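Undergrad: Take a look at query_6.cif, mmCIF, C-alpha atoms:
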data_query
#
loop_
_atom_site.label_atom_id
_atom_site.label_comp_id
_atom_site.auth_asym_id
_atom_site.auth_seq_id
_atom_site.Cartn_x
_atom_site.Cartn_y
_atom_site.Cartn_z
CA MET F 1 -18.62 -34.19 24.60
CA ILE F 2 -19.10 -31.33 22.10
CA LYS F 3 -16.77 -31.45 19.13
CA LYS F 4 -15.09 -28.15 18.35
CA THR F 5 -15.83 -28.63 14.67
CA SER F 6 -19.61 -28.72 15.21
CA TRP F 7 -21.92 -25.71 15.15
CA LEU F 8 -23.07 -26.50 18.68
CA ALA F 9 -19.91 -25.36 20.46
CA PRO F 10 -19.93 -21.72 19.19
CA ILE F 11 -23.73 -21.54 19.52
CA LEU F 12 -23.36 -22.24 23.26
CA THR F 13 -20.62 -19.60 23.62
CA PRO F 14 -22.19 -16.09 23.60
CA SER F 15 -18.80 -14.38 23.22
CA ARG F 16 -18.49 -16.00 19.79
CA TRP F 17 -21.91 -15.04 18.42
CA GLY F 18 -20.31 -12.15 16.57
CA GLU F 19 -18.47 -14.75 14.48
CA PHE F 20 -21.81 -16.04 13.22
CA TYR F 21 -22.79 -12.56 12.08
CA THR F 22 -19.50 -12.12 10.22
CA TYR F 23 -19.78 -15.54 8.63
CA PHE F 24 -23.33 -15.22 7.36
CA VAL F 25 -23.10 -11.64 6.08
CA SER F 26 -19.89 -12.38 4.15
CA TRP F 27 -21.26 -15.18 1.99
CA ARG F 28 -20.72 -13.27 -1.28
CA LEU F 29 -17.45 -13.65 -3.14
CA PRO F 30 -15.14 -10.63 -2.88
CA ARG F 31 -15.38 -8.11 -5.68
CA ASP F 32 -11.70 -8.56 -6.49
CA GLY F 33 -8.98 -10.81 -5.06
CA ALA F 34 -9.33 -12.16 -1.53
CA SER F 35 -11.74 -11.66 1.31
CA ASP F 36 -12.27 -12.79 4.89
CA ARG F 37 -14.96 -15.24 5.97
CA PRO F 38 -13.91 -16.76 9.31
CA ASP F 39 -15.94 -19.88 10.01
CA PRO F 40 -17.00 -20.35 13.66
CA ARG F 41 -16.29 -24.06 13.21
CA ASP F 42 -12.59 -23.45 12.58
CA LEU F 43 -10.60 -25.00 15.39
CA ASP F 44 -9.14 -22.71 18.01
CA ALA F 45 -5.45 -21.77 17.76
CA LYS F 46 -5.00 -21.61 21.52
CA VAL F 47 -4.65 -25.40 21.49
CA TRP F 48 -1.23 -24.90 19.92
CA LEU F 49 -0.23 -21.51 21.29
CA LYS F 50 -1.08 -21.87 24.96
CA GLY F 51 1.67 -23.26 27.13
CA THR F 52 4.33 -23.30 24.43
CA SER F 53 7.62 -21.56 25.04
CA PRO F 54 9.75 -21.42 21.90
CA ARG F 55 12.95 -19.40 21.90
CA ILE F 56 11.94 -15.99 20.55
CA PRO F 57 14.80 -13.72 19.39
CA LYS F 58 14.97 -10.39 21.20
CA LYS F 59 14.72 -8.23 18.10
CA LYS F 60 13.73 -10.10 14.95
CA SER F 61 12.87 -13.47 13.54
CA ASN F 62 15.46 -15.32 11.51
CA LEU F 63 13.22 -17.02 8.94
CA GLU F 64 14.65 -16.61 5.47
CA ILE F 65 12.29 -17.27 2.60
CA PRO F 66 14.23 -20.19 1.11
CA PHE F 67 13.35 -19.83 -2.55
CA GLN F 68 14.10 -16.13 -2.99
CA LYS F 69 17.49 -17.08 -4.40
CA GLN F 70 16.71 -20.39 -6.07
CA TRP F 71 13.00 -20.60 -6.81
CA LYS F 72 11.51 -19.58 -10.16
CA PRO F 73 8.15 -17.89 -9.60
CA GLN F 74 4.95 -18.99 -11.27
CA LYS F 75 2.85 -16.28 -12.87
CA GLN F 76 -0.25 -15.89 -10.76
CA SER F 77 -3.54 -16.07 -12.62
CA ARG F 78 -6.26 -13.50 -12.08
CA ASN F 79 -7.69 -13.24 -8.56
CA SER F 80 -6.12 -16.53 -7.43
CA CYS F 81 -4.02 -15.02 -4.62
CA THR F 82 -5.66 -17.20 -1.96
CA ALA F 83 -4.47 -20.38 -3.70
CA TYR F 84 -1.01 -18.96 -4.35
CA SER F 85 -0.58 -17.66 -0.82
CA LYS F 86 -1.46 -21.06 0.64
CA GLY F 87 0.82 -22.77 -1.88
CA PHE F 88 3.72 -20.53 -0.92
CA ALA F 89 3.22 -21.40 2.76
CA VAL F 90 3.50 -25.12 2.01
CA GLU F 91 6.54 -24.53 -0.21
CA ILE F 92 8.30 -22.50 2.49
CA ALA F 93 7.77 -25.17 5.14
CA ASN F 94 8.84 -28.05 2.93
CA THR F 95 11.71 -26.29 1.14
CA THR F 96 13.13 -25.22 4.50
CA GLU F 97 12.96 -28.81 5.71
CA GLU F 98 14.35 -30.41 2.55
CA GLY F 99 17.06 -27.86 1.75
CA SER F 100 16.06 -27.82 -1.93
CA PRO F 101 13.11 -26.27 -3.75
CA VAL F 102 9.73 -27.96 -3.31
CA TYR F 103 6.91 -26.94 -5.62
CA ILE F 104 3.16 -26.85 -5.18
CA ASP F 105 0.92 -26.63 -8.23
CA LYS F 106 -0.97 -23.52 -7.25
CA GLU F 107 -3.19 -23.63 -10.31
CA LEU F 108 -4.35 -27.09 -9.27
CA GLN F 109 -5.06 -25.67 -5.81
CA TRP F 110 -7.08 -22.90 -7.46
CA LYS F 111 -9.08 -25.44 -9.48
CA HIS F 112 -10.06 -27.17 -6.25
CA GLN F 113 -11.27 -23.82 -4.92
CA GLU F 114 -13.15 -23.06 -8.13
CA LYS F 115 -15.16 -26.25 -7.64
CA THR F 116 -16.50 -24.72 -4.41
CA GLY F 117 -17.45 -21.40 -6.03
CA ALA F 118 -14.23 -19.38 -6.34
CA SER F 119 -14.20 -17.17 -9.42
CA ARG F 120 -11.56 -15.77 -11.77
CA ASP F 121 -13.69 -12.65 -12.02
CA SER F 122 -14.00 -12.15 -8.26
CA GLY F 123 -11.69 -14.22 -6.08
CA ASP F 124 -12.17 -16.36 -2.99
CA PHE F 125 -12.10 -16.46 0.79
CA ILE F 126 -8.82 -17.20 2.58
CA GLN F 127 -10.51 -19.76 4.81
CA ASN F 128 -11.65 -21.73 1.77
CA ALA F 129 -8.05 -21.99 0.53
CA GLU F 130 -7.06 -23.45 3.91
CA LYS F 131 -9.84 -26.01 3.81
CA GLN F 132 -9.34 -27.01 0.18
CA PHE F 133 -5.61 -27.61 0.58
CA HIS F 134 -6.30 -29.64 3.72
CA ASP F 135 -8.75 -31.79 1.69
CA ASN F 136 -6.51 -31.91 -1.43
CA PRO F 137 -2.91 -31.81 -0.13
CA GLN F 138 -0.98 -32.71 -3.34
CA GLY F 139 1.16 -35.18 -1.43
CA PHE F 140 2.14 -32.69 1.29
CA PRO F 141 -0.53 -33.35 3.91
CA GLN F 142 -1.11 -31.06 6.84
CA THR F 143 -2.48 -32.52 10.02
CA GLU F 144 -4.84 -29.62 10.83
CA TYR F 145 -5.30 -25.89 10.39
CA ARG F 146 -6.41 -23.38 12.99
CA ARG F 147 -7.68 -19.82 13.03
CA ILE F 148 -6.12 -17.49 15.58
CA ARG F 149 -9.15 -16.06 17.34
CA ALA F 150 -9.41 -12.52 18.70
CA ARG F 151 -8.31 -13.36 22.25
CA GLU F 152 -5.16 -15.02 20.89
CA ASP F 153 -4.48 -12.52 18.11
CA ASN F 154 -1.58 -10.46 19.40
CA ILE F 155 2.08 -9.82 18.67
CA GLU F 156 3.25 -12.22 21.38
CA ASN F 157 1.38 -15.18 19.87
CA ILE F 158 2.32 -14.25 16.33
CA LYS F 159 6.00 -14.25 17.32
CA LYS F 160 5.50 -17.50 19.21
CA TRP F 161 4.10 -19.29 16.19
CA LEU F 162 6.73 -17.95 13.79
CA CYS F 163 9.48 -19.25 16.09
CA MET F 164 7.93 -22.62 16.97
CA GLY F 165 9.51 -24.67 14.21
CA ILE F 166 10.76 -25.00 10.68
CA GLY F 167 9.22 -22.75 8.06
CA ARG F 168 6.31 -21.45 10.13
CA THR F 169 4.10 -18.88 8.44
CA ILE F 170 0.70 -17.32 9.12
CA ARG F 171 -1.80 -16.88 6.30
CA THR F 172 -3.81 -13.67 6.27
CA GLY F 173 -4.80 -10.85 3.91
CA ILE F 174 -5.08 -7.09 3.43
CA SER F 175 -7.73 -4.79 2.03
CA TRP F 176 -6.97 -2.45 -0.85
CA GLN F 177 -8.55 0.89 0.02
CA TRP F 178 -8.33 4.56 -0.78
CA VAL F 179 -6.48 6.62 1.86
CA ILE F 180 -8.20 9.99 1.95
CA ASN F 181 -5.56 12.11 3.70
CA LYS F 182 -2.79 10.78 1.41
CA ARG F 183 -4.86 11.12 -1.76
CA MET F 184 -3.84 7.70 -3.01
CA SER F 185 -4.71 4.04 -2.55
CA ASN F 186 -2.84 2.08 0.08
CA SER F 187 -1.47 -0.16 -2.70
CA THR F 188 0.19 2.91 -4.26
CA TYR F 189 1.48 3.89 -0.83
CA MET F 190 2.96 0.40 -0.42
CA LYS F 191 4.75 0.63 -3.74
CA LYS F 192 6.37 3.88 -2.62
CA THR F 193 7.23 2.99 0.98
CA GLY F 194 7.09 -0.79 1.36
CA PHE F 195 4.56 -0.42 4.21
CA PHE F 196 0.89 -1.34 4.38
CA ILE F 197 -1.48 1.16 5.97
CA PRO F 198 -5.25 0.76 6.40
CA GLY F 199 -7.46 2.91 4.21
CA ASP F 200 -10.52 4.94 5.12
CA GLY F 201 -12.17 5.31 1.74
CA GLN F 202 -13.56 3.14 -1.00
CA ASN F 203 -12.85 -0.58 -0.75
CA LEU F 204 -10.95 -1.63 -3.87
CA GLY F 205 -10.61 -5.35 -3.16
CA GLY F 206 -8.39 -7.64 -1.11
CA HIS F 207 -5.17 -9.61 -1.32
CA ALA F 208 -3.99 -12.82 0.37
CA THR F 209 -0.56 -12.65 2.02
CA LEU F 210 1.73 -14.45 4.47
CA ILE F 211 3.30 -13.31 7.72
CA VAL F 212 6.84 -14.69 7.58
CA GLY F 213 8.73 -12.74 10.25
CA PHE F 214 9.01 -9.69 12.49
CA ASP F 215 11.45 -6.94 13.40
CA ASP F 216 11.05 -5.02 16.67
CA ASP F 217 13.42 -2.28 15.46
CA LYS F 218 11.84 -1.72 12.06
CA GLU F 219 11.15 2.00 11.64
CA CYS F 220 7.73 2.71 10.17
CA PRO F 221 6.81 5.82 8.15
CA ASP F 222 4.69 7.21 11.02
CA GLY F 223 7.67 7.13 13.40
CA SER F 224 6.66 3.99 15.31
CA LYS F 225 8.93 0.96 15.65
CA GLY F 226 8.18 -2.70 15.12
CA ALA F 227 6.64 -4.41 12.11
CA LEU F 228 5.61 -7.78 10.74
CA LYS F 229 7.46 -9.04 7.68
CA MET F 230 4.97 -9.99 4.97
CA PHE F 231 5.24 -11.95 1.75
CA GLU F 232 2.73 -11.82 -1.08
CA PRO F 233 2.32 -14.17 -4.04
CA GLU F 234 2.63 -11.72 -6.92
CA LEU F 235 6.29 -11.10 -6.08
CA GLU F 236 6.00 -7.36 -6.66
CA THR F 237 8.68 -5.01 -5.35
CA TRP F 238 7.31 -2.72 -2.66
CA GLY F 239 9.50 0.28 -1.90
CA ASP F 240 13.12 -0.84 -1.58
CA ASN F 241 12.20 -4.36 -0.45
CA PRO F 242 12.97 -7.60 -2.30
CA PRO F 243 10.22 -8.91 -4.57
CA GLY F 244 7.14 -9.92 -2.60
CA VAL F 245 8.25 -8.46 0.74
CA PHE F 246 6.48 -5.62 2.56
CA TRP F 247 5.85 -4.62 6.18
CA VAL F 248 2.89 -4.07 8.50
CA SER F 249 3.38 -1.95 11.62
CA TYR F 250 2.55 -3.71 14.88
CA LYS F 251 -0.18 -1.14 15.47
CA HIS F 252 -1.95 -2.20 12.27
CA ILE F 253 -2.13 -5.96 12.90
CA ASN F 254 -5.86 -5.71 13.66
CA ASN F 255 -6.37 -4.38 10.12
CA LEU F 256 -5.27 -7.71 8.68
CA PHE F 257 -7.76 -10.45 7.84
CA SER F 258 -8.21 -13.50 10.04
CA LYS F 259 -4.95 -15.34 10.63
CA TYR F 260 -4.51 -19.07 9.98
CA ILE F 261 -1.82 -21.50 11.09
CA SER F 262 -1.37 -25.18 10.21
CA ARG F 263 0.67 -28.15 11.20
CA ASP F 264 2.67 -29.52 8.33
CA ALA F 265 2.97 -33.31 8.49
CA ILE F 266 6.59 -33.10 7.29
CA ASN F 267 8.21 -35.86 9.28
CA LYS F 268 5.30 -38.25 8.91
CA THR F 269 5.32 -38.33 5.11
CA LEU F 270 8.95 -38.18 4.02
CA ASN F 271 8.79 -41.60 2.38
CA ASN F 272 5.53 -40.88 0.55
CA ARG F 273 6.28 -37.47 -0.94
CA PRO F 274 6.28 -36.67 -4.63
CA LYS F 275 9.73 -36.02 -5.99
CA THR F 276 10.80 -32.37 -6.20
CA LYS F 277 11.44 -30.93 -9.63
#
Hey, can you dump this file as structure tokens for me?

TA:
Amino acid sequence: MIKKTSWLAPILTPSRWGEFYTYFVSWRLPRDGASDRPDPRDLDAKVWLKGTSPRIPKKKSNLEIPFQKQWKPQKQSRNSCTAYSKGFAVEIANTTEEGSPVYIDKELQWKHQEKTGASRDSGDFIQNAEKQFHDNPQGFPQTEYRRIRAREDNIENIKKWLCMGIGRTIRTGISWQWVINKRMSNSTYMKKTGFFIPGDGQNLGGHATLIVGFDDDKECPDGSKGALKMFEPELETWGDNPPGVFWVSYKHINNLFSKYISRDAINKTLNNRPKTK
């Protein structure tokens, strides 16, 4: 039997050969912040998404980011958004379960990534943050992580995962680019409107973020309806949104980086957890 974590499985699947090209041409660190380097050996998300039938609300998800009212933010160090984004995801899952703030040392997570080549001057790949936390879980182990592959990457499956259990999030990222017809960068546009839009000009870097919810009735600046609720680790205020929250129109979900999900071994490790601060 071929293990899904070996190189042999994707090599024997022609439809996935494009993943090899993406992986091998993206070996350089990003110029600033986060970048995408999906590994063909990442396990397939369909194992968890296929056949599941969680109760999905008709209009919007009801996940509340638990520490917005009670959690004191850490100041993110330069270009460490991949580590902070992953740390936030673990904090959300565990804080939601525990009912009181749970903290992850995101600088320790970043140090683990630096040992594999991450750089304060450049950044790191989102996939590496997933792998390094899995290998160095800080007492909050996760059973496995998965990448949502192209055939599974749609609004229906994103909603399904967000509604499957306590504190579910999806790790991804966005590219900072110049938007020619608006004569500004998309980061400036986000600060004014609270909405991400893809750019069509110079690439200015990348940023790791979380998908934490959705709203089918959310009105987007272009007149369309429906958007994903995003959370980013620098806790900036975008438009009129609370710190860290912005939106991505459903029609722009393919402009996000690869999307990662993970099983949090919450109930298996309650007696072995470090004490919360």

Undergrad: Quick one: apply the PyMOL selection byres ((chain F and resi 164) around 10) to the file and drop the selected residues here as a PyMOL selection string.

TA: chain F and resi 48-49+52-56+159-163+165-168

Undergrad: Just to confirm, what's the straight-line distance from CA of Ile197 in chain F to CA of Lys218 in chain F in Å (one decimal)?

TA: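 Rounded to one decimal, the two atoms are 14.9 Å apart.
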
Undergrad: On this file, the PyMOL selection byres ((chain F and resi 18-33) around 9) gives some set of residues; write that set as a ChimeraX atom specification.

TA: /F:10-11,14-17,34-40,78-82,117-125,204-208

Undergrad: Can you translate the PyMOL selection byres ((chain F and resi 89-91) around 9) into the concrete residues it hits in this file, as a ChimeraX atom specification?

TA: /F:66-67,84-88,92-96,101-104,140,142,167-171,210,264

Undergrad: Which polymer residues, whether protein, DNA or RNA, lie within 6 Å of the coordinate (4.3, -3.9, 12.2) when you count all atoms listed in the file? List them as a PDB file with C-alpha atoms, in the coordinates of the input, using the chain letters and numbers from the file.

TA:
ATOM      1  CA  GLY F 226       8.180  -2.700  15.120  1.00  0.00           C
ATOM      2  CA  ALA F 227       6.640  -4.410  12.110  1.00  0.00           C
ATOM      3  CA  LEU F 228       5.610  -7.780  10.740  1.00  0.00           C
ATOM      4  CA  VAL F 248       2.890  -4.070   8.500  1.00  0.00           C
ATOM      5  CA  SER F 249       3.380  -1.950  11.620  1.00  0.00           C
ATOM      6  CA  TYR F 250       2.550  -3.710  14.880  1.00  0.00           C
TER       7      TYR F 250
END

Undergrad: Find, counting all atoms listed in the file, the residue in F:Pro243, F:Ile261, F:Asn154, F:Ser77 that gets nearest to Gln127 in chain F.

TA: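 Distance minimum relative to Gln127 in chain F lands on F:Ile261.
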
Undergrad: Figure out the distance between CA of Ala265 in chain F and CA of Thr143 in chain F, please, to one decimal in Å.

TA: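 Answer for the CA of Thr143 in chain F to CA of Ala265 in chain F separation: 5.7 Å.
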
Undergrad: Quote the spacing between CA of Asn136 in chain F and CA of Gly244 in chain F in Å to one decimal place.

TA: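 Separation of CA of Asn136 in chain F and CA of Gly244 in chain F: 25.9 Å.
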
Undergrad: What's around Asn255 in chain F at 12 Å? Count all atoms listed in the file, leave out sequence neighbours fewer than 3 positions away in its own chain, and write the answer as a PyMOL selection string.

TA: chain F and resi 36+153+172-177+196-200+206+248-252+258-259

Undergrad: Using all atoms listed in the file, which of the listed residues (F:Thr193, F:Asn203, F:Glu219, F:Gly139) sits closest to Ile180 in chain F?

TA: F:Asn203
